[in-house]
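Participant: Hey, dropping data_31.pdb in here, PDB, C-alpha atoms, pLDDT in the B column:
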```pdb
ATOM      1  CA  ASN M  23       5.533  16.185  -9.595  1.00 52.00           C
ATOM      2  CA  ALA M  24       7.948  13.548  -8.427  1.00 70.00           C
ATOM      3  CA  GLY M  25       6.325  10.594  -6.752  1.00 93.00           C
ATOM      4  CA  VAL M  26       7.435   8.846  -3.595  1.00 96.00           C
ATOM      5  CA  MET M  27      11.129   8.120  -4.000  1.00 97.00           C
ATOM      6  CA  GLN M  28      12.752   5.155  -2.344  1.00 97.00           C
ATOM      7  CA  ASN M  29      16.395   4.169  -2.321  1.00 97.00           C
ATOM      8  CA  PRO M  30      18.174   1.995  -2.682  1.00 97.00           C
ATOM      9  CA  ARG M  31      15.950  -0.069  -4.959  1.00 96.00           C
ATOM     10  CA  HIS M  32      17.962  -3.172  -4.226  1.00 97.00           C
ATOM     11  CA  LEU M  33      20.172  -3.834  -1.230  1.00 97.00           C
ATOM     12  CA  VAL M  34      22.190  -6.923  -0.340  1.00 98.00           C
ATOM     13  CA  ARG M  35      23.399  -7.365   3.210  1.00 98.00           C
ATOM     14  CA  ARG M  36      25.193 -10.162   5.026  1.00 98.00           C
ATOM     15  CA  ARG M  37      23.659 -11.536   8.186  1.00 98.00           C
ATOM     16  CA  GLY M  38      24.466  -9.280  11.124  1.00 98.00           C
ATOM     17  CA  GLN M  39      24.932  -6.110   9.076  1.00 98.00           C
ATOM     18  CA  GLU M  40      22.692  -3.053   9.176  1.00 98.00           C
ATOM     19  CA  ALA M  41      20.266  -2.006   6.451  1.00 98.00           C
ATOM     20  CA  ARG M  42      19.072   1.562   5.966  1.00 98.00           C
ATOM     21  CA  LEU M  43      16.203   2.274   3.619  1.00 98.00           C
ATOM     22  CA  ARG M  44      15.304   5.827   2.670  1.00 98.00           C
ATOM     23  CA  CYS M  45      12.025   7.344   1.601  1.00 98.00           C
ATOM     24  CA  SER M  46      11.381  10.845   0.285  1.00 97.00           C
ATOM     25  CA  PRO M  47       7.644  11.588   0.305  1.00 96.00           C
ATOM     26  CA  MET M  48       5.817  13.442  -2.419  1.00 94.00           C
ATOM     27  CA  LYS M  49       6.152  17.211  -2.303  1.00 92.00           C
ATOM     28  CA  GLY M  50       3.794  18.667   0.277  1.00 89.00           C
ATOM     29  CA  HIS M  51       3.264  15.347   2.061  1.00 91.00           C
ATOM     30  CA  SER M  52       4.139  15.217   5.750  1.00 91.00           C
ATOM     31  CA  HIS M  53       2.792  11.735   6.553  1.00 92.00           C
ATOM     32  CA  VAL M  54       4.852   8.628   5.800  1.00 94.00           C
ATOM     33  CA  TYR M  55       3.942   4.950   6.071  1.00 94.00           C
ATOM     34  CA  TRP M  56       6.187   1.894   5.812  1.00 96.00           C
ATOM     35  CA  TYR M  57       4.995  -1.542   4.714  1.00 95.00           C
ATOM     36  CA  ARG M  58       6.782  -4.866   4.336  1.00 96.00           C
ATOM     37  CA  GLN M  59       5.990  -7.561   1.820  1.00 94.00           C
ATOM     38  CA  LEU M  60       7.546 -10.957   2.339  1.00 92.00           C
ATOM     39  CA  PRO M  61       7.928 -13.201  -0.730  1.00 86.00           C
ATOM     40  CA  GLU M  62       4.555 -14.442  -1.984  1.00 82.00           C
ATOM     41  CA  GLU M  63       2.695 -12.605   0.791  1.00 86.00           C
ATOM     42  CA  GLY M  64       0.606  -9.462   1.119  1.00 86.00           C
ATOM     43  CA  LEU M  65       1.624  -6.015   2.348  1.00 90.00           C
ATOM     44  CA  LYS M  66       1.880  -5.649   6.102  1.00 92.00           C
ATOM     45  CA  PHE M  67       1.736  -2.284   7.802  1.00 92.00           C
ATOM     46  CA  MET M  68       4.805  -1.482   9.891  1.00 94.00           C
ATOM     47  CA  VAL M  69       4.859   2.144  11.018  1.00 94.00           C
ATOM     48  CA  TYR M  70       3.219   5.525  10.427  1.00 93.00           C
ATOM     49  CA  LEU M  71       5.146   8.750  10.998  1.00 94.00           C
ATOM     50  CA  GLN M  72       4.665  12.457  10.748  1.00 92.00           C
ATOM     51  CA  LYS M  73       7.542  14.908  10.747  1.00 89.00           C
ATOM     52  CA  GLU M  74       9.638  14.168  13.866  1.00 89.00           C
ATOM     53  CA  ASN M  75       6.929  11.948  15.378  1.00 93.00           C
ATOM     54  CA  ILE M  76       6.069   8.254  15.333  1.00 94.00           C
ATOM     55  CA  ILE M  77       2.283   8.060  15.334  1.00 91.00           C
ATOM     56  CA  ASP M  78       1.725   4.303  15.115  1.00 90.00           C
ATOM     57  CA  GLU M  79       4.400   1.617  15.232  1.00 92.00           C
ATOM     58  CA  SER M  80       2.087  -1.276  16.014  1.00 90.00           C
ATOM     59  CA  GLY M  81       3.368  -3.286  13.041  1.00 91.00           C
ATOM     60  CA  MET M  82       7.066  -2.925  13.788  1.00 94.00           C
ATOM     61  CA  PRO M  83       8.981  -5.920  15.125  1.00 94.00           C
ATOM     62  CA  LYS M  84       9.936  -5.285  18.736  1.00 89.00           C
ATOM     63  CA  GLU M  85      13.655  -5.597  18.170  1.00 95.00           C
ATOM     64  CA  ARG M  86      16.202  -4.488  15.578  1.00 97.00           C
ATOM     65  CA  PHE M  87      13.758  -2.284  13.603  1.00 98.00           C
ATOM     66  CA  SER M  88      13.428   1.470  13.961  1.00 97.00           C
ATOM     67  CA  ALA M  89      12.069   4.329  11.880  1.00 97.00           C
ATOM     68  CA  GLU M  90      12.435   8.055  11.858  1.00 96.00           C
ATOM     69  CA  PHE M  91      11.190  11.014   9.847  1.00 96.00           C
ATOM     70  CA  PRO M  92      13.351  14.014  10.750  1.00 94.00           C
ATOM     71  CA  LYS M  93      12.421  17.642  10.247  1.00 91.00           C
ATOM     72  CA  GLU M  94      14.766  17.774   7.278  1.00 91.00           C
ATOM     73  CA  GLY M  95      15.528  14.912   4.941  1.00 93.00           C
ATOM     74  CA  PRO M  96      13.957  11.589   4.103  1.00 96.00           C
ATOM     75  CA  SER M  97      12.326   9.044   6.339  1.00 97.00           C
ATOM     76  CA  ILE M  98      14.670   6.192   7.299  1.00 98.00           C
ATOM     77  CA  LEU M  99      13.767   2.589   8.086  1.00 98.00           C
ATOM     78  CA  ARG M 100      16.687   1.002   9.884  1.00 98.00           C
ATOM     79  CA  ILE M 101      17.169  -2.713  10.417  1.00 98.00           C
ATOM     80  CA  GLN M 102      20.012  -3.720  12.699  1.00 98.00           C
ATOM     81  CA  GLN M 103      21.730  -7.121  12.690  1.00 98.00           C
ATOM     82  CA  VAL M 104      19.755  -8.358   9.712  1.00 98.00           C
ATOM     83  CA  VAL M 105      18.711 -11.993   9.454  1.00 97.00           C
ATOM     84  CA  ARG M 106      17.592 -14.025   6.430  1.00 96.00           C
ATOM     85  CA  GLY M 107      13.959 -13.578   7.442  1.00 95.00           C
ATOM     86  CA  ASP M 108      14.278  -9.822   6.883  1.00 97.00           C
ATOM     87  CA  SER M 109      14.616 -10.421   3.142  1.00 97.00           C
ATOM     88  CA  ALA M 110      11.576  -8.694   1.701  1.00 97.00           C
ATOM     89  CA  ALA M 111      10.318  -5.726  -0.273  1.00 97.00           C
ATOM     90  CA  TYR M 112       9.852  -2.618   1.839  1.00 98.00           C
ATOM     91  CA  PHE M 113       7.394  -0.055   0.543  1.00 97.00           C
ATOM     92  CA  CYS M 114       7.017   3.525   1.649  1.00 97.00           C
ATOM     93  CA  ALA M 115       3.903   5.620   1.095  1.00 95.00           C
ATOM     94  CA  SER M 116       2.988   9.226   1.792  1.00 94.00           C
ATOM     95  CA  SER M 117      -0.073  11.433   2.128  1.00 90.00           C
ATOM     96  CA  PRO M 118      -0.636  15.150   2.685  1.00 87.00           C
ATOM     97  CA  THR M 119      -2.804  14.674   5.776  1.00 80.00           C
ATOM     98  CA  ALA M 120      -4.249  11.841   7.836  1.00 75.00           C
ATOM     99  CA  ASN M 121      -7.829  12.425   6.682  1.00 77.00           C
ATOM    100  CA  SER M 122      -9.491   9.250   5.461  1.00 73.00           C
ATOM    101  CA  GLY M 123     -10.389  10.933   2.172  1.00 78.00           C
ATOM    102  CA  ASN M 124      -6.742  11.610   1.327  1.00 81.00           C
ATOM    103  CA  THR M 125      -5.100   9.034  -0.879  1.00 88.00           C
ATOM    104  CA  ILE M 126      -1.739   7.589   0.077  1.00 90.00           C
ATOM    105  CA  TYR M 127       0.747   7.060  -2.735  1.00 94.00           C
ATOM    106  CA  PHE M 128       3.368   4.341  -2.770  1.00 95.00           C
ATOM    107  CA  GLY M 129       6.944   4.248  -3.918  1.00 97.00           C
ATOM    108  CA  GLU M 130       8.421   1.474  -6.033  1.00 96.00           C
ATOM    109  CA  GLY M 131       9.929  -0.264  -3.035  1.00 97.00           C
ATOM    110  CA  SER M 132      13.314  -1.300  -1.720  1.00 98.00           C
ATOM    111  CA  TRP M 133      14.218  -4.977  -2.110  1.00 97.00           C
ATOM    112  CA  LEU M 134      16.390  -6.244   0.720  1.00 97.00           C
ATOM    113  CA  THR M 135      18.232  -9.531   0.311  1.00 97.00           C
ATOM    114  CA  VAL M 136      20.098 -10.960   3.296  1.00 97.00           C
ATOM    115  CA  VAL M 137      22.756 -13.515   2.432  1.00 97.00           C
TER     116      VAL M 137
ATOM    117  CA  ASP V   9     -11.022  -0.212  10.085  1.00 59.00           C
ATOM    118  CA  ALA V  10     -13.620  -2.457   8.508  1.00 62.00           C
ATOM    119  CA  LYS V  11     -12.509  -5.783   7.063  1.00 84.00           C
ATOM    120  CA  THR V  12     -13.046  -6.559   3.405  1.00 91.00           C
ATOM    121  CA  THR V  13     -13.704  -9.805   1.573  1.00 93.00           C
ATOM    122  CA  GLN V  14     -12.649 -10.367  -2.024  1.00 95.00           C
ATOM    123  CA  PRO V  15     -12.514 -13.420  -4.284  1.00 96.00           C
ATOM    124  CA  THR V  16      -9.050 -14.932  -4.410  1.00 95.00           C
ATOM    125  CA  SER V  17      -8.756 -14.907  -8.183  1.00 97.00           C
ATOM    126  CA  MET V  18     -10.608 -14.008 -11.369  1.00 97.00           C
ATOM    127  CA  ASP V  19     -10.056 -14.254 -15.093  1.00 97.00           C
ATOM    128  CA  CYS V  20     -11.184 -11.776 -17.710  1.00 96.00           C
ATOM    129  CA  ALA V  21     -10.957 -11.836 -21.499  1.00 97.00           C
ATOM    130  CA  GLU V  22      -8.923  -9.068 -23.072  1.00 97.00           C
ATOM    131  CA  GLY V  23     -11.132  -6.198 -24.224  1.00 97.00           C
ATOM    132  CA  ARG V  24     -14.017  -7.161 -21.948  1.00 97.00           C
ATOM    133  CA  ALA V  25     -15.021  -5.395 -18.750  1.00 97.00           C
ATOM    134  CA  ALA V  26     -13.503  -6.725 -15.548  1.00 98.00           C
ATOM    135  CA  ASN V  27     -15.837  -6.503 -12.555  1.00 98.00           C
ATOM    136  CA  LEU V  28     -14.105  -7.023  -9.223  1.00 98.00           C
ATOM    137  CA  PRO V  29     -16.405  -7.334  -6.192  1.00 97.00           C
ATOM    138  CA  CYS V  30     -15.662  -6.459  -2.579  1.00 96.00           C
ATOM    139  CA  ASN V  31     -17.733  -6.972   0.553  1.00 95.00           C
ATOM    140  CA  HIS V  32     -17.328  -4.581   3.459  1.00 92.00           C
ATOM    141  CA  SER V  33     -20.431  -5.251   5.526  1.00 91.00           C
ATOM    142  CA  THR V  34     -19.071  -3.627   8.715  1.00 88.00           C
ATOM    143  CA  ILE V  35     -18.157  -0.314   7.096  1.00 89.00           C
ATOM    144  CA  SER V  36     -19.071   2.770   9.105  1.00 85.00           C
ATOM    145  CA  GLY V  37     -20.364   6.109   7.914  1.00 82.00           C
ATOM    146  CA  ASN V  38     -17.085   7.987   7.643  1.00 83.00           C
ATOM    147  CA  GLU V  39     -15.009   5.236   6.087  1.00 87.00           C
ATOM    148  CA  TYR V  40     -13.900   5.454   2.463  1.00 90.00           C
ATOM    149  CA  VAL V  41     -13.520   2.545   0.049  1.00 93.00           C
ATOM    150  CA  TYR V  42     -10.166   2.532  -1.757  1.00 94.00           C
ATOM    151  CA  TRP V  43      -8.881   0.347  -4.568  1.00 96.00           C
ATOM    152  CA  TYR V  44      -5.220  -0.277  -5.326  1.00 96.00           C
ATOM    153  CA  ARG V  45      -3.490  -2.757  -7.565  1.00 97.00           C
ATOM    154  CA  GLN V  46      -0.055  -4.285  -7.469  1.00 96.00           C
ATOM    155  CA  ILE V  47       1.616  -5.516 -10.595  1.00 94.00           C
ATOM    156  CA  HIS V  48       4.311  -8.063  -9.866  1.00 87.00           C
ATOM    157  CA  SER V  49       7.447  -6.548  -8.293  1.00 83.00           C
ATOM    158  CA  GLN V  50       6.047  -3.001  -8.331  1.00 92.00           C
ATOM    159  CA  GLY V  51       4.638  -0.690  -5.683  1.00 94.00           C
ATOM    160  CA  PRO V  52       0.880  -0.574  -5.110  1.00 95.00           C
ATOM    161  CA  GLN V  53      -0.822   1.765  -7.556  1.00 96.00           C
ATOM    162  CA  TYR V  54      -3.787   3.887  -6.544  1.00 95.00           C
ATOM    163  CA  ILE V  55      -6.853   3.339  -8.727  1.00 97.00           C
ATOM    164  CA  ILE V  56      -9.887   5.054  -7.242  1.00 97.00           C
ATOM    165  CA  HIS V  57     -11.750   5.743  -4.017  1.00 95.00           C
ATOM    166  CA  GLY V  58     -15.212   6.789  -2.890  1.00 94.00           C
ATOM    167  CA  LEU V  59     -17.436   7.383   0.110  1.00 93.00           C
ATOM    168  CA  LYS V  60     -21.071   7.044  -0.983  1.00 91.00           C
ATOM    169  CA  ASN V  61     -21.442   7.999  -4.605  1.00 89.00           C
ATOM    170  CA  ASN V  62     -20.225   6.095  -7.614  1.00 94.00           C
ATOM    171  CA  GLU V  63     -16.950   7.391  -8.965  1.00 96.00           C
ATOM    172  CA  THR V  64     -15.229   7.259 -12.338  1.00 97.00           C
ATOM    173  CA  ASN V  65     -11.782   8.261 -13.491  1.00 96.00           C
ATOM    174  CA  GLU V  66      -9.530   7.500 -16.433  1.00 95.00           C
ATOM    175  CA  MET V  67      -8.622   4.089 -15.028  1.00 95.00           C
ATOM    176  CA  ALA V  68     -11.832   2.636 -13.649  1.00 97.00           C
ATOM    177  CA  SER V  69     -15.308   3.057 -12.184  1.00 98.00           C
ATOM    178  CA  LEU V  70     -16.295   2.364  -8.598  1.00 98.00           C
ATOM    179  CA  ILE V  71     -19.856   1.325  -7.858  1.00 97.00           C
ATOM    180  CA  ILE V  72     -20.855   1.434  -4.177  1.00 96.00           C
ATOM    181  CA  THR V  73     -24.174  -0.084  -3.127  1.00 95.00           C
ATOM    182  CA  GLU V  74     -26.697   2.150  -1.436  1.00 94.00           C
ATOM    183  CA  ASP V  75     -26.184   0.467   1.944  1.00 94.00           C
ATOM    184  CA  ARG V  76     -22.395   0.737   1.390  1.00 94.00           C
ATOM    185  CA  LYS V  77     -21.880  -2.886   2.386  1.00 94.00           C
ATOM    186  CA  SER V  78     -20.277  -3.807  -0.914  1.00 95.00           C
ATOM    187  CA  SER V  79     -18.659  -2.275  -3.957  1.00 96.00           C
ATOM    188  CA  THR V  80     -17.471  -3.229  -7.431  1.00 97.00           C
ATOM    189  CA  LEU V  81     -14.430  -2.001  -9.292  1.00 98.00           C
ATOM    190  CA  ILE V  82     -14.963  -1.954 -13.038  1.00 98.00           C
ATOM    191  CA  LEU V  83     -12.148  -1.887 -15.569  1.00 97.00           C
ATOM    192  CA  PRO V  84     -14.149  -1.118 -18.726  1.00 96.00           C
ATOM    193  CA  HIS V  85     -11.823  -2.639 -21.333  1.00 95.00           C
ATOM    194  CA  ALA V  86      -9.287  -4.936 -19.710  1.00 97.00           C
ATOM    195  CA  THR V  87      -5.845  -5.242 -21.294  1.00 97.00           C
ATOM    196  CA  LEU V  88      -3.037  -7.670 -20.596  1.00 97.00           C
ATOM    197  CA  ARG V  89      -1.310  -4.938 -18.587  1.00 95.00           C
ATOM    198  CA  ASP V  90      -4.220  -4.979 -16.132  1.00 97.00           C
ATOM    199  CA  THR V  91      -3.114  -8.398 -14.866  1.00 97.00           C
ATOM    200  CA  ALA V  92      -2.361  -7.687 -11.200  1.00 97.00           C
ATOM    201  CA  VAL V  93      -3.528  -8.211  -7.635  1.00 96.00           C
ATOM    202  CA  TYR V  94      -6.362  -5.810  -6.808  1.00 97.00           C
ATOM    203  CA  TYR V  95      -6.904  -4.685  -3.224  1.00 95.00           C
ATOM    204  CA  CYS V  96     -10.100  -3.270  -1.788  1.00 95.00           C
ATOM    205  CA  ILE V  97      -9.423  -1.306   1.411  1.00 91.00           C
ATOM    206  CA  VAL V  98     -11.708   0.502   3.805  1.00 89.00           C
ATOM    207  CA  ARG V  99     -10.143   3.429   5.583  1.00 84.00           C
ATOM    208  CA  GLY V 100     -11.382   5.575   8.437  1.00 73.00           C
ATOM    209  CA  ASN V 101      -9.915   8.425  10.417  1.00 64.00           C
ATOM    210  CA  THR V 102      -9.040   6.393  13.483  1.00 59.00           C
ATOM    211  CA  GLY V 103      -6.333   4.225  12.013  1.00 54.00           C
ATOM    212  CA  ASN V 104      -4.946   6.466   9.296  1.00 63.00           C
ATOM    213  CA  GLN V 105      -2.923   3.631   7.807  1.00 69.00           C
ATOM    214  CA  PHE V 106      -4.223   1.189   5.186  1.00 78.00           C
ATOM    215  CA  TYR V 107      -4.580  -2.487   6.013  1.00 80.00           C
ATOM    216  CA  PHE V 108      -4.189  -4.688   2.977  1.00 84.00           C
ATOM    217  CA  GLY V 109      -5.997  -8.009   2.729  1.00 84.00           C
ATOM    218  CA  THR V 110      -5.131 -10.782   0.309  1.00 85.00           C
ATOM    219  CA  GLY V 111      -6.776  -9.086  -2.672  1.00 93.00           C
ATOM    220  CA  THR V 112      -8.031 -10.547  -5.949  1.00 96.00           C
ATOM    221  CA  SER V 113      -5.520 -11.837  -8.451  1.00 96.00           C
ATOM    222  CA  LEU V 114      -6.903 -10.779 -11.838  1.00 98.00           C
ATOM    223  CA  THR V 115      -5.589 -12.487 -14.941  1.00 98.00           C
ATOM    224  CA  VAL V 116      -6.470 -10.962 -18.297  1.00 97.00           C
ATOM    225  CA  ILE V 117      -6.499 -13.635 -20.957  1.00 97.00           C
ATOM    226  CA  PRO V 118      -5.668 -12.889 -24.602  1.00 95.00           C
TER     227      PRO V 118
END
```
Do you think you could lay out the structure here as structure tokens?

Facilitator:
Amino acid sequence: NAGVMQNPRHLVRRRGQEARLRCSPMKGHSHVYWYRQLPEEGLKFMVYLQKENIIDESGMPKERFSAEFPKEGPSILRIQQVVRGDSAAYFCASSPTANSGNTIYFGEGSWLTVV
Amino acid sequence: DAKTTQPTSMDCAEGRAANLPCNHSTISGNEYVYWYRQIHSQGPQYIIHGLKNNETNEMASLIITEDRKSSTLILPHATLRDTAVYYCIVRGNTGNQFYFGTGTSLTVIP
């Protein structure tokens, strides 16, 4: 079974450009979570989605960030007009259901560098 | 979700058991205890989880106290590759997502 697949693994953007990070969950998983890890810091929850629905976006910055998980295709985390402070590792995770006994599995992350 | 408290860092000699404690005194009845680890520059790796009973898998053992207010992750024979940050997380049904604390930075010493 393929794990959670994230791409690109590394992305360099100039200030003001857009960054799109993609996440394909594990087979059979319909719940996706995005986390951000700034350099030398812990993982911070950003957003939780099910197919076609945003369930919890309490950790998303109010501006420039958006996420979607369409009926077909991967989940996308989109960052518009990137700034240097957006440089971080972005991790996606997935689970089959939202039950607390179901493990969530993480991808290897996408490293965004804003120059 | 309940908060957890872990020591900031620990050392362990290679080949010895590593015992990583976690306090979760406000845990409620339907909340699970999960352990993940993150090796530098990699995604968090699932280790083990449990509700009430002790659990064991090929990676580790999880000992949960009877009152469920604390738990211990045991790596029976630590290797250098076990050097990582270990996160103890309590998860219920209300939040669905995992909240990561600062974790314990475990260093396995040759």

Participant: Quote the spacing between atom CA of Glu85 of chain M and atom CA of Val104 of chain M in Å to one decimal place.

Facilitator: 10.8 Å

Participant: So the first atom is atom CA of Thr119 of chain M and the second is atom CA of Gln72 of chain M; what is the distance between them in Å, to one decimal place?

Facilitator: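 Separation of atom CA of Thr119 of chain M and atom CA of Gln72 of chain M: 9.2 Å.
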
Participant: Run the ChimeraX specification (/M :<9) & /V against the file shown and list the residues it catches, as a list in words.

Facilitator: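 Selection result, ordered by chain and number: Asn38, Glu39, Tyr40, Tyr42, Ser49, Gln50, Gly51, Pro52, Gln53, Tyr54, Ile56, His57, Gly58, Leu59, Arg99, Gly100, Asn101, Thr102, Gly103, Asn104, Gln105, Phe106, Tyr107, Phe108, Gly109, Thr110 and Gly111 of chain V.
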
Participant: Identify, on the basis of all atoms listed in the file, every residue whose closest approach to Ala26 of chain V does not exceed 7 Å; exclude the query and any residue fewer than 4 positions from it along the same chain; express the result as a PyMOL selection string.

Facilitator: chain V and resi 20+82-84+86

Participant: Find the spatial neighbours of Thr12 of chain V, counting all atoms listed in the file, within a cut-off of 7 Å - ignore same-chain residues fewer than 4 positions away - and output them as a list in words.

Facilitator: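 The contact residues come out as Cys30, Asn31, His32, Cys96 and Ile97 of chain V.
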
Participant: What does the file look like for those residues with C-alpha atoms, as a PDB file, keeping the file's coordinate frame?

Facilitator:
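As a result, part_39.pdb now contains:
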```pdb
ATOM      1  CA  CYS V  30     -15.662  -6.459  -2.579  1.00 96.00           C
ATOM      2  CA  ASN V  31     -17.733  -6.972   0.553  1.00 95.00           C
ATOM      3  CA  HIS V  32     -17.328  -4.581   3.459  1.00 92.00           C
ATOM      4  CA  CYS V  96     -10.100  -3.270  -1.788  1.00 95.00           C
ATOM      5  CA  ILE V  97      -9.423  -1.306   1.411  1.00 91.00           C
TER       6      ILE V  97
END
```

Participant: Please return as an MDAnalysis selection string every residue within 12 Å of (20.6, -11.2, 3.4), taking into account only C-alpha atoms and the file's own coordinates.

Facilitator: chainID M and resid 32:41 101:110 133:137

Participant: Quote the spacing between atom CA of His48 of chain V and atom CA of Thr87 of chain V in Å to one decimal place.

Facilitator: 15.5 Å

Participant: Could you write out as a list of chain:residue names the residues that the PyMOL selection byres ((chain V and resi 67) around 8) matches in the shown file?

Facilitator: V:Ile55, V:Ile56, V:Thr64, V:Asn65, V:Glu66, V:Ala68, V:Ser69, V:Leu83

Participant: Nearest to Met27 of chain M: which of M:Ser97, M:Phe91, M:Ser80, M:Ser46 is it, counting only C-alpha atoms?

Facilitator: M:Ser46

Participant: Can you spell out as a PyMOL selection string the set of residues that the PyMOL selection byres ((chain M and resi 25) around 6) selects in the structure I just provided?

Facilitator: chain M and resi 24+26+48

Participant: Which of these residues is nearest to Glu94 of chain M, using all atoms listed in the file: M:Arg42, M:Glu79, M:Glu74, M:Glu62?

Facilitator: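 Closest to Glu94 of chain M, using all atoms listed in the file: M:Glu74.
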
Participant: Could you give me, as a list in words, the residues that sit within 10 Å of (-21.3, -2.4, -2.3) in the file's coordinates, counting only C-alpha atoms?

Facilitator: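 Checking each residue against the 10 Å limit leaves Pro29, Cys30, Asn31, His32, Ser33, Val41, Lys60, Leu70, Ile71, Ile72, Thr73, Glu74, Asp75, Arg76, Lys77, Ser78, Ser79, Thr80 and Leu81 of chain V.
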
Participant: For a quick check of understanding, using all atoms listed in the file, which of V:Ile47, V:Thr112, V:Thr16, V:Gly37 has the smallest distance to Asp90 of chain V?

Facilitator: V:Ile47
